[in-house]
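Visitor: Got data_28.txt for you, compact mmCIF, C-alpha atoms and all ligand atoms:
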# COMPACT_ATOMS: atom_id res chain seq x y z
CA MET A 1 0.00 0.00 0.00
CA ALA A 2 1.17 3.52 -0.77
CA ASP A 3 2.19 5.87 2.02
CA ILE A 4 -0.75 8.02 3.02
CA ILE A 5 0.45 10.10 5.96
CA LYS A 6 1.17 13.76 5.27
CA LEU A 7 2.18 16.67 7.47
CA LEU A 8 -0.59 19.25 7.68
CA PRO A 9 0.26 22.61 6.13
CA ASP A 10 0.95 25.32 8.74
CA HIS A 11 -2.25 27.24 8.14
CA VAL A 12 -4.32 24.10 8.72
CA ALA A 13 -2.40 23.17 11.88
CA ASN A 14 -2.84 26.75 13.12
CA GLN A 15 -6.56 26.66 12.49
CA ILE A 16 -6.87 23.41 14.44
CA ALA A 17 -4.86 24.84 17.35
CA ALA A 18 -7.06 27.95 17.23
CA GLY A 19 -10.08 25.76 17.90
CA GLU A 20 -8.65 24.97 21.33
CA VAL A 21 -7.40 28.41 22.28
CA VAL A 22 -10.04 30.71 20.79
CA GLN A 23 -13.59 29.87 21.77
CA ARG A 24 -14.95 33.39 21.49
CA PRO A 25 -13.83 37.05 21.48
CA ALA A 26 -13.16 36.90 25.23
CA SER A 27 -10.45 34.26 24.61
CA VAL A 28 -8.64 36.67 22.29
CA VAL A 29 -8.93 39.42 24.89
CA LYS A 30 -7.38 37.15 27.52
CA GLU A 31 -4.43 36.17 25.31
CA LEU A 32 -3.70 39.74 24.21
CA LEU A 33 -3.95 41.16 27.73
CA GLU A 34 -1.64 38.43 29.02
CA ASN A 35 0.91 39.16 26.30
CA ALA A 36 0.84 42.84 27.25
CA ILE A 37 1.44 41.91 30.90
CA ASP A 38 4.31 39.58 29.98
CA ALA A 39 5.79 42.47 27.98
CA GLY A 40 6.05 44.44 31.22
CA ALA A 41 3.38 47.00 30.37
CA THR A 42 2.45 49.57 33.02
CA THR A 43 -0.62 50.81 31.13
CA ILE A 44 -2.88 48.66 28.97
CA LYS A 45 -5.75 49.87 26.84
CA LEU A 46 -8.48 47.52 25.61
CA VAL A 47 -10.79 48.68 22.82
CA ILE A 48 -13.62 46.54 21.47
CA LYS A 49 -16.55 46.92 19.10
CA GLU A 50 -19.72 44.84 18.96
CA GLY A 51 -18.73 42.48 21.72
CA GLY A 52 -15.35 41.96 20.07
CA LYS A 53 -16.88 40.42 16.98
CA THR A 54 -15.68 43.16 14.66
CA LEU A 55 -12.79 44.65 16.65
CA ILE A 56 -10.55 43.79 19.58
CA GLN A 57 -7.54 46.01 20.13
CA VAL A 58 -4.99 45.88 22.94
CA ILE A 59 -2.41 48.64 23.22
CA ASP A 60 0.47 48.34 25.67
CA ASP A 61 3.57 50.30 26.63
CA GLY A 62 5.67 47.15 27.13
CA VAL A 63 9.00 46.16 25.60
CA GLY A 64 7.71 45.84 22.03
CA MET A 65 9.29 43.65 19.34
CA SER A 66 12.03 43.95 16.74
CA ALA A 67 11.01 43.64 13.08
CA THR A 68 12.17 40.00 12.98
CA ASP A 69 10.44 39.08 16.22
CA ALA A 70 7.26 40.76 15.00
CA ARG A 71 7.15 38.29 12.09
CA LEU A 72 8.23 35.32 14.18
CA SER A 73 5.65 35.96 16.89
CA PHE A 74 2.93 34.66 14.55
CA GLU A 75 4.66 31.31 13.99
CA ARG A 76 3.41 28.36 15.96
CA HIS A 77 5.55 27.37 18.97
CA ALA A 78 7.38 30.69 18.70
CA THR A 79 7.93 32.11 22.18
CA SER A 80 10.44 34.26 24.03
CA LYS A 81 9.20 32.94 27.38
CA ILE A 82 10.63 29.44 27.72
CA GLN A 83 13.52 27.60 26.08
CA LYS A 84 13.54 24.16 27.61
CA ALA A 85 11.06 21.75 29.20
CA GLU A 86 12.34 22.43 32.74
CA ASP A 87 11.33 26.08 32.36
CA LEU A 88 7.72 24.92 32.60
CA PHE A 89 8.27 24.41 36.30
CA ASN A 90 9.74 27.82 36.90
CA LEU A 91 7.21 29.97 35.10
CA HIS A 92 6.99 33.66 35.80
CA THR A 93 5.01 34.58 32.71
CA LYS A 94 1.39 34.11 31.69
CA GLY A 95 2.39 32.69 28.31
CA PHE A 96 4.72 29.84 27.37
CA ARG A 97 2.95 27.88 24.63
CA GLY A 98 3.76 30.20 21.75
CA GLU A 99 0.41 29.40 20.18
CA ALA A 100 -1.89 32.35 20.82
CA LEU A 101 -0.81 34.74 18.08
CA ALA A 102 -0.48 31.95 15.49
CA SER A 103 -3.96 30.74 16.41
CA ILE A 104 -5.56 34.19 16.35
CA ALA A 105 -3.93 35.10 13.04
CA ALA A 106 -5.25 31.87 11.52
CA ILE A 107 -8.87 32.87 12.07
CA ALA A 108 -8.96 36.67 11.95
CA HIS A 109 -7.54 39.80 10.32
CA VAL A 110 -4.68 40.97 12.51
CA GLU A 111 -2.75 44.22 12.40
CA MET A 112 0.20 44.85 14.68
CA HIS A 113 2.20 47.99 15.42
CA THR A 114 5.23 47.48 17.61
CA LYS A 115 8.49 49.17 18.57
CA THR A 116 11.25 48.49 21.06
CA GLU A 117 13.04 51.12 23.15
CA GLU A 118 16.27 50.82 21.12
CA ASP A 119 14.78 50.89 17.63
CA GLU A 120 14.29 54.26 15.93
CA VAL A 121 11.31 53.07 13.95
CA GLY A 122 8.70 50.41 14.48
CA THR A 123 7.02 47.65 12.50
CA HIS A 124 3.52 47.60 11.03
CA LEU A 125 2.48 44.09 10.08
CA LYS A 126 -0.75 42.79 8.59
CA ILE A 127 -1.64 39.11 8.63
CA GLU A 128 -4.86 37.45 7.50
CA GLY A 129 -5.61 33.78 7.89
CA SER A 130 -1.95 32.92 8.62
CA THR A 131 -0.71 34.83 5.55
CA ILE A 132 1.44 37.90 6.03
CA VAL A 133 -0.14 40.53 3.80
CA SER A 134 2.34 43.33 4.42
CA GLN A 135 5.17 44.41 6.68
CA GLU A 136 6.26 48.04 6.72
CA VAL A 137 8.41 50.38 8.70
CA THR A 138 6.30 52.78 10.73
CA VAL A 139 6.40 55.54 13.31
CA THR A 140 4.83 54.26 16.53
CA PRO A 141 5.48 54.67 20.26
CA LYS A 142 7.40 52.07 22.26
CA GLY A 143 5.19 49.07 22.95
CA THR A 144 2.71 47.05 20.97
CA SER A 145 -0.75 47.50 19.53
CA MET A 146 -2.59 44.39 18.37
CA MET A 147 -5.74 44.82 16.37
CA VAL A 148 -7.90 41.77 15.73
CA LYS A 149 -10.77 42.19 13.28
CA ASN A 150 -13.47 39.92 11.91
CA LEU A 151 -12.94 36.94 14.18
CA PHE A 152 -13.71 33.57 12.52
CA PHE A 153 -14.01 35.28 9.09
CA ASN A 154 -12.92 31.99 7.49
CA ILE A 155 -14.86 29.60 9.76
CA PRO A 156 -18.57 30.34 9.20
CA ALA A 157 -19.66 27.59 11.61
CA ARG A 158 -17.78 29.28 14.47
CA ARG A 159 -18.82 32.78 13.46
CA ASN A 160 -22.48 31.84 13.39
CA PHE A 161 -22.12 30.24 16.79
CA LEU A 162 -21.16 33.57 18.40
CA LYS A 163 -23.80 35.08 20.67
CA SER A 164 -25.17 38.63 20.61
CA SER A 165 -22.75 41.52 21.12
CA GLN A 166 -24.24 41.97 24.57
CA VAL A 167 -23.48 38.38 25.61
CA GLU A 168 -19.99 38.42 24.10
CA LEU A 169 -19.32 41.72 25.89
CA ARG A 170 -20.30 40.13 29.18
CA HIS A 171 -17.75 37.35 28.63
CA ILE A 172 -15.10 39.94 27.80
CA ILE A 173 -15.87 41.91 30.95
CA GLU A 174 -15.47 38.72 33.01
CA GLU A 175 -12.09 38.06 31.41
CA PHE A 176 -11.08 41.69 31.91
CA GLN A 177 -12.01 41.47 35.60
CA ARG A 178 -9.93 38.34 36.11
CA VAL A 179 -6.83 39.73 34.44
CA SER A 180 -7.06 43.18 36.00
CA LEU A 181 -7.72 41.73 39.48
CA ALA A 182 -4.57 39.64 39.16
CA HIS A 183 -2.49 42.67 38.20
CA ALA A 184 -3.59 45.57 40.37
CA SER A 185 -0.39 47.56 39.85
CA ILE A 186 -1.00 47.85 36.09
CA SER A 187 -3.42 50.55 34.98
CA PHE A 188 -6.16 49.47 32.57
CA HIS A 189 -8.55 51.35 30.30
CA PHE A 190 -11.43 49.60 28.61
CA TYR A 191 -13.57 51.10 25.83
CA ASN A 192 -16.60 49.47 24.22
CA ASN A 193 -18.09 51.07 21.07
CA GLY A 194 -16.31 54.30 21.96
CA ASN A 195 -17.57 54.45 25.56
CA GLU A 196 -15.26 54.09 28.54
CA LEU A 197 -16.38 51.07 30.59
CA PHE A 198 -13.48 50.94 33.05
CA ASN A 199 -10.67 53.27 34.00
CA LEU A 200 -8.50 51.50 36.56
CA PRO A 201 -5.54 53.37 38.02
CA SER A 202 -2.48 51.52 39.27
CA SER A 203 -3.32 50.39 42.82
CA ASN A 204 -3.46 47.47 45.27
CA HIS A 205 -5.80 44.45 45.40
CA ARG A 206 -8.34 46.09 47.67
CA GLN A 207 -8.61 49.27 45.66
CA ARG A 208 -8.74 47.33 42.38
CA ILE A 209 -11.72 45.32 43.68
CA VAL A 210 -13.44 48.56 44.65
CA ASN A 211 -12.70 50.18 41.28
CA LEU A 212 -14.14 47.18 39.45
CA PHE A 213 -17.17 46.41 41.60
CA GLY A 214 -18.05 49.78 43.11
CA GLY A 215 -17.59 51.42 46.53
CA LYS A 216 -20.38 49.42 48.16
CA ILE A 217 -18.24 46.30 48.15
CA LYS A 218 -15.93 47.85 50.78
CA GLU A 219 -18.22 47.02 53.67
CA LYS A 220 -18.42 43.39 52.56
CA LEU A 221 -14.73 42.59 52.53
CA VAL A 222 -12.97 40.65 55.27
CA PRO A 223 -9.18 40.46 54.78
CA VAL A 224 -7.43 37.10 54.57
CA ASP A 225 -3.73 36.74 55.35
CA GLU A 226 -1.70 33.64 55.97
CA GLU A 227 1.84 32.60 55.30
CA THR A 228 2.99 28.99 55.51
CA GLN A 229 5.83 27.05 53.96
CA VAL A 230 3.56 25.68 51.28
CA VAL A 231 1.51 28.71 50.36
CA THR A 232 0.94 32.38 51.02
CA ILE A 233 -2.72 33.38 51.01
CA SER A 234 -3.99 36.92 50.81
CA GLY A 235 -7.08 38.72 49.58
CA PHE A 236 -10.64 38.97 50.83
CA ILE A 237 -13.76 37.01 51.52
CA ASN A 238 -17.20 38.56 51.66
CA LYS A 239 -18.91 38.65 55.04
CA PRO A 240 -21.34 35.73 55.37
CA GLU A 241 -24.39 38.00 55.50
CA TYR A 242 -23.65 39.05 51.92
CA ALA A 243 -23.73 35.50 50.56
CA LYS A 244 -26.19 35.36 47.67
CA LYS A 245 -28.22 32.84 45.71
CA SER A 246 -26.37 33.80 42.54
CA ARG A 247 -22.71 32.87 42.42
CA GLY A 248 -21.39 36.39 42.17
CA GLU A 249 -17.76 37.19 42.74
CA GLN A 250 -15.62 34.11 43.25
CA PHE A 251 -12.02 34.43 42.22
CA PHE A 252 -8.96 32.27 42.81
CA PHE A 253 -5.59 33.43 41.65
CA VAL A 254 -2.49 31.28 41.81
CA ASN A 255 0.76 33.13 41.19
CA ASP A 256 -1.21 35.99 39.62
CA ARG A 257 -3.17 33.76 37.29
CA PHE A 258 -6.94 33.30 37.50
CA ILE A 259 -7.77 29.61 37.90
CA ARG A 260 -10.85 27.45 38.37
CA SER A 261 -10.71 24.85 41.08
CA PRO A 262 -13.85 23.09 42.29
CA TYR A 263 -11.70 21.45 44.97
CA LEU A 264 -10.36 24.68 46.48
CA HIS A 265 -13.79 26.25 46.07
CA HIS A 266 -15.12 23.48 48.25
CA ALA A 267 -12.51 24.31 50.89
CA VAL A 268 -13.75 27.90 51.03
CA VAL A 269 -17.42 26.97 51.06
CA SER A 270 -16.90 24.45 53.83
CA ALA A 271 -15.24 27.13 55.97
CA PHE A 272 -18.55 29.02 55.81
CA ASP A 273 -20.43 25.99 57.14
CA GLY A 274 -23.11 27.05 59.60
CA LEU A 275 -22.64 30.73 58.69
CA ILE A 276 -24.58 30.81 55.45
CA LYS A 277 -27.58 28.97 54.08
CA LYS A 278 -26.81 25.92 51.98
CA GLU A 279 -28.25 27.49 48.82
CA ASN A 280 -26.21 30.68 49.14
CA HIS A 281 -22.73 31.29 47.75
CA PRO A 282 -19.93 33.14 49.54
CA GLY A 283 -17.96 35.74 47.59
CA TYR A 284 -14.15 35.65 47.61
CA PHE A 285 -11.05 37.15 46.03
CA LEU A 286 -8.20 34.86 47.03
CA TYR A 287 -4.60 35.20 45.96
CA LEU A 288 -2.42 32.14 46.49
CA THR A 289 1.32 32.25 45.99
CA VAL A 290 3.15 28.93 45.71
CA ASP A 291 6.50 27.72 44.47
CA PRO A 292 6.14 27.48 40.65
CA ALA A 293 7.86 24.09 40.87
CA SER A 294 4.94 22.74 42.92
CA ILE A 295 2.29 23.29 40.25
CA ASP A 296 1.67 22.22 36.66
CA ILE A 297 -0.17 24.76 34.57
CA ASN A 298 0.32 22.93 31.30
CA ILE A 299 -2.74 20.70 31.50
CA HIS A 300 -5.16 22.72 29.40
CA PRO A 301 -4.61 25.13 26.46
CA THR A 302 -6.48 27.96 28.19
CA LYS A 303 -4.37 27.52 31.34
CA THR A 304 -7.24 28.02 33.78
CA GLU A 305 -6.69 24.67 35.47
CA ILE A 306 -3.73 23.76 37.61
CA LYS A 307 -2.37 20.57 39.02
CA PHE A 308 -0.99 21.04 42.54
CA ASP A 309 1.65 18.73 44.00
CA ASP A 310 -0.08 18.59 47.34
CA GLU A 311 -3.72 19.48 46.93
CA HIS A 312 -4.82 18.05 50.25
CA THR A 313 -2.48 20.19 52.33
CA LEU A 314 -3.54 23.25 50.37
CA TYR A 315 -7.19 22.44 51.01
CA ALA A 316 -6.62 22.13 54.75
CA ILE A 317 -4.60 25.35 54.99
CA LEU A 318 -7.10 27.29 52.93
CA ARG A 319 -10.07 26.08 54.95
CA SER A 320 -8.53 26.87 58.30
CA THR A 321 -7.27 30.25 57.08
CA ILE A 322 -10.76 31.28 55.98
CA LYS A 323 -12.24 30.04 59.26
CA HIS A 324 -9.67 32.05 61.16
CA SER A 325 -10.45 35.22 59.18
CA LEU A 326 -14.17 34.77 59.71
CA GLY A 327 -13.58 34.26 63.43
CA GLN A 328 -11.31 37.29 63.78
CA PHE A 329 -13.93 39.56 62.37
CA ASN A 330 -16.34 38.52 65.08
CA VAL A 331 -18.80 37.03 62.72
CA MET A 332 -20.99 35.13 65.10
CA PRO A 333 -22.47 31.89 63.85
CA SER A 334 -26.17 32.42 63.50
CA LEU A 335 -28.68 29.72 62.81
CA ASP A 336 -31.47 32.25 62.54
CA PHE A 337 -31.26 32.78 58.81
CA ASP A 338 -34.54 34.58 58.41
CA LYS A 339 -33.38 37.91 59.80
P1 LIG B 401 3.42 33.07 24.30
O1 LIG B 401 2.78 34.22 25.00
O2 LIG B 401 2.97 31.75 24.82
O3 LIG B 401 4.91 33.18 24.21
P2 LIG B 401 2.11 34.17 21.94
O4 LIG B 401 1.71 33.57 20.65
O5 LIG B 401 1.04 34.77 22.76
O6 LIG B 401 2.90 33.07 22.77
O7 LIG B 401 3.21 35.28 21.63
C1 LIG B 401 4.40 34.90 20.95
C2 LIG B 401 5.57 35.82 21.29
O8 LIG B 401 5.32 37.12 20.73
C3 LIG B 401 5.76 36.06 22.77
O9 LIG B 401 6.57 35.04 23.35
C4 LIG B 401 6.45 37.42 22.78
O10 LIG B 401 7.84 37.28 22.59
C5 LIG B 401 5.86 38.12 21.57
N1 LIG B 401 4.75 39.03 21.94
C6 LIG B 401 3.43 38.78 21.84
N2 LIG B 401 2.70 39.83 22.26
C7 LIG B 401 3.58 40.78 22.65
C8 LIG B 401 3.45 42.11 23.20
N3 LIG B 401 2.26 42.66 23.43
N4 LIG B 401 4.60 42.79 23.46
C9 LIG B 401 5.82 42.23 23.24
N5 LIG B 401 5.99 40.99 22.73
C10 LIG B 401 4.90 40.27 22.44
MG MG B 402 0.75 34.69 24.89
For the file at hand, write its structure as structure tokens.
Ligand code: ADP
Ligand code: MG
Guide:
Amino acid sequence: MADIIKLLPDHVANQIAAGEVVQRPASVVKELLENAIDAGATTIKLVIKEGGKTLIQVIDDGVGMSATDARLSFERHATSKIQKAEDLFNLHTKGFRGEALASIAAIAHVEMHTKTEEDEVGTHLKIEGSTIVSQEVTVTPKGTSMMVKNLFFNIPARRNFLKSSQVELRHIIEEFQRVSLAHASISFHFYNNGNELFNLPSSNHRQRIVNLFGGKIKEKLVPVDEETQVVTISGFINKPEYAKKSRGEQFFFVNDRFIRSPYLHHAVVSAFDGLIKKENHPGYFLYLTVDPASIDINIHPTKTEIKFDDEHTLYAILRSTIKHSLGQFNVMPSLDFDK
């Protein structure tokens, strides 16, 4: 029988990878914001139109890219963030897969302006469906602007699957909250259809929460602080009386990365045992810092799940830390829930 196996052309491989990384406009927002953070930006501007379906732009004042790097950044597995497998266990960046830009460029019209500190002039590069359309020298400030237009222009099935602009905007806001909560010292500006939605000055965790969710949240917050050999925990939980039927604000960050963890969530909820009704959900903003060698973040392309070396110890520490914080703030257990 004749040989039948062939290597997929790059643009096909990129489109397949994009299926994993880019579910909707909010996924693009996440990847671009994280790249801006990894570039050391101090100010990041996010501009979207129609829930990101027609335009997503992220402008940063980070390190920028040389003309060669600008081209290379759209190749698959092209990254400046890791060099060898061991680096995966000493990660200090959001990115490491080198797949986001290649994936996004495979399914959208992308335009990049970028310039490094040293270079006199910058690079303006256009790429559509994995094909570089043009690359020119341009005058642009230090940093990078990524413009992503017409998401899924070449995948009608995915484009038609997108929800209304309103729904897509809500997903983008959620992503924006997660990223900006994790990086309170960076200032963020967010515009939707020309209107300013958020203007977040550089601040600390507490102030960032207030700037995102409004001044009323101040009275709800109980600080959490614990340092052990395994983990440092900081942040806030909401007072039990503010627990709601709807899930509301529940955020875990591990080493400045938003993650989902039903297991750790359970640890928090169980610390509220007897303080809130079963059907209500406690709010929390919890920042965990652990040794990067003790976690594996490379288990899902979107990097929102983590494998911990010692999950059980973490669970126990988290639960007792939350209990301690609740106790310190004189929140008396009350079985009279009808008040
Ligand atoms: P990863 O972030 O996993 O490295 P990406 O595809 O997101 O992969 O980006 C590829 C590379 O392009 C990055 O490693 C980085 O060197 C460069 N890059 C991407 N975005 C920016 C940016 N906003 N500023 C500077 N460099 C960037
Ligand atoms: Mg990236």
Visitor: Could you list, as a ChimeraX atom specification, all protein and nucleic acid residues with an atom at most 6 Å from ligand MG 402 (chain B), counting all atoms listed in the file?
Guide: /A:31,35,95,100
Visitor: Taking (-14.2, 51.4, 25.6) in the coordinates of the supplied file, I want to know which residues reach to within 9 Å of it, counting all atoms listed in the file; could you give the answer as a list of chain:residue names?
Guide: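 Residues with an atom close enough to that point: A:Lys45, A:Leu46, A:Val47, A:Ile48, A:Lys49, A:His189, A:Phe190, A:Tyr191, A:Asn192, A:Asn193, A:Gly194, A:Asn195, A:Glu196, A:Leu197, A:Phe198.
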Visitor: Restricted to C-alpha atoms, what would the selected residues look like written as a PDB file, in the frame of the given file?
Guide:
ATOM      1  CA  LYS A  45      -5.750  49.870  26.840  1.00  0.00           C
ATOM      2  CA  LEU A  46      -8.480  47.520  25.610  1.00  0.00           C
ATOM      3  CA  VAL A  47     -10.790  48.680  22.820  1.00  0.00           C
ATOM      4  CA  ILE A  48     -13.620  46.540  21.470  1.00  0.00           C
ATOM      5  CA  LYS A  49     -16.550  46.920  19.100  1.00  0.00           C
ATOM      6  CA  HIS A 189      -8.550  51.350  30.300  1.00  0.00           C
ATOM      7  CA  PHE A 190     -11.430  49.600  28.610  1.00  0.00           C
ATOM      8  CA  TYR A 191     -13.570  51.100  25.830  1.00  0.00           C
ATOM      9  CA  ASN A 192     -16.600  49.470  24.220  1.00  0.00           C
ATOM     10  CA  ASN A 193     -18.090  51.070  21.070  1.00  0.00           C
ATOM     11  CA  GLY A 194     -16.310  54.300  21.960  1.00  0.00           C
ATOM     12  CA  ASN A 195     -17.570  54.450  25.560  1.00  0.00           C
ATOM     13  CA  GLU A 196     -15.260  54.090  28.540  1.00  0.00           C
ATOM     14  CA  LEU A 197     -16.380  51.070  30.590  1.00  0.00           C
ATOM     15  CA  PHE A 198     -13.480  50.940  33.050  1.00  0.00           C
TER      16      PHE A 198
END
Visitor: Go ahead and compute the interatomic distance for CA of Val230 in chain A and CA of Arg257 in chain A, in Å to one decimal.
Guide: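 Taking CA of Val230 in chain A as the start and CA of Arg257 in chain A as the end point, the length is 17.5 Å.
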Visitor: With distances taken over all atoms listed in the file, which of A:Thr302, A:Ser180, A:Thr321, A:Asn204 is nearest to ligand LIG 401 (chain B)?
Guide: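 Answer, going by the shortest atom-to-atom distance: A:Thr302.
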Visitor: With distances taken over all atoms listed in the file, which of A:Phe74, A:Tyr315, A:Phe161, A:Phe152 is nearest to Ser270 in chain A?
Guide: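 Between A:Phe74, A:Tyr315, A:Phe161, A:Phe152, the residue approaching Ser270 in chain A most closely is A:Tyr315.
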Visitor: Do you know which residues are within 8 Å of ligand LIG 401 (chain B) using only C-alpha atoms and all ligand atoms? Can you write them as a VMD selection string?
Guide: chain A and resid 31 to 39 58 to 60 62 to 65 69 to 70 72 to 82 94 to 103 114 143 to 146
Visitor: So how far away is CA of Ser246 in chain A from CA of Val167 in chain A, in Å?
Guide: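 Distance reported for this atom pair: 17.8 Å.
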Visitor: Using CA of Leu318 in chain A and CA of Ser202 in chain A as the two end points, give the distance in Å to one decimal.
Guide: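 Computing it gives 28.2 Å between the two atoms.
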Visitor: For Ala67 in chain A, which residue among A:Thr123, A:Thr232, A:Ser187, A:Gln328 is the nearest when counting all atoms listed in the file?
Guide: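 Checking each candidate against Ala67 in chain A, we get A:Thr123 as the closest.
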Visitor: Could you give me, as a count of residues only, the residues that have an atom at most 10 Å away from the point (-3.3, 24.3, 9.8) in the coordinates of the file, using only C-alpha atoms?
Guide: 18
Visitor: Dump as JSON lines the rows for residues of range 189-261 of chain A within 12 Å of range 87-93 of chain A: closest atom pair and distance in Å with one decimal, all atoms listed in the file counted, ordered by chain and rising residue number.
Guide:
{"residue": "A:Val254", "atom": "CA", "partner": "A:His92", "partner_atom": "CA", "distance": 11.5}
{"residue": "A:Asn255", "atom": "CA", "partner": "A:His92", "partner_atom": "CA", "distance": 8.3}
{"residue": "A:Asp256", "atom": "CA", "partner": "A:His92", "partner_atom": "CA", "distance": 9.3}
{"residue": "A:Arg257", "atom": "CA", "partner": "A:Thr93", "partner_atom": "CA", "distance": 9.4}
Visitor: Smallest atom-to-atom distance to Arg158 in chain A: which of A:Ile127, A:Leu181, A:Ile295, A:Ile107, using all atoms listed in the file?
Guide: A:Ile107
Visitor: Which of these residues is nearest to Leu200 in chain A, using all atoms listed in the file: A:Phe253, A:Phe258, A:Phe272, A:Phe213?
Guide: A:Phe213
Visitor: Residues at most 12 Å from Gly327 in chain A, counting only C-alpha atoms, excluding those fewer than 6 positions away in the same chain, as a list in words?
Guide: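 Residues meeting the cut-off are Val222, Pro223, Val224, Lys239, Pro240, Ala271, Phe272, Leu275, Ser320, Thr321 and Pro333 of chain A.
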Visitor: So, counting only C-alpha atoms, which residue among A:Ile132, A:His312, A:His109, A:Ser27 is closest to Leu169 in chain A?
Guide: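 Of A:Ile132, A:His312, A:His109, A:Ser27, the one nearest Leu169 in chain A is A:Ser27, counting only C-alpha atoms.
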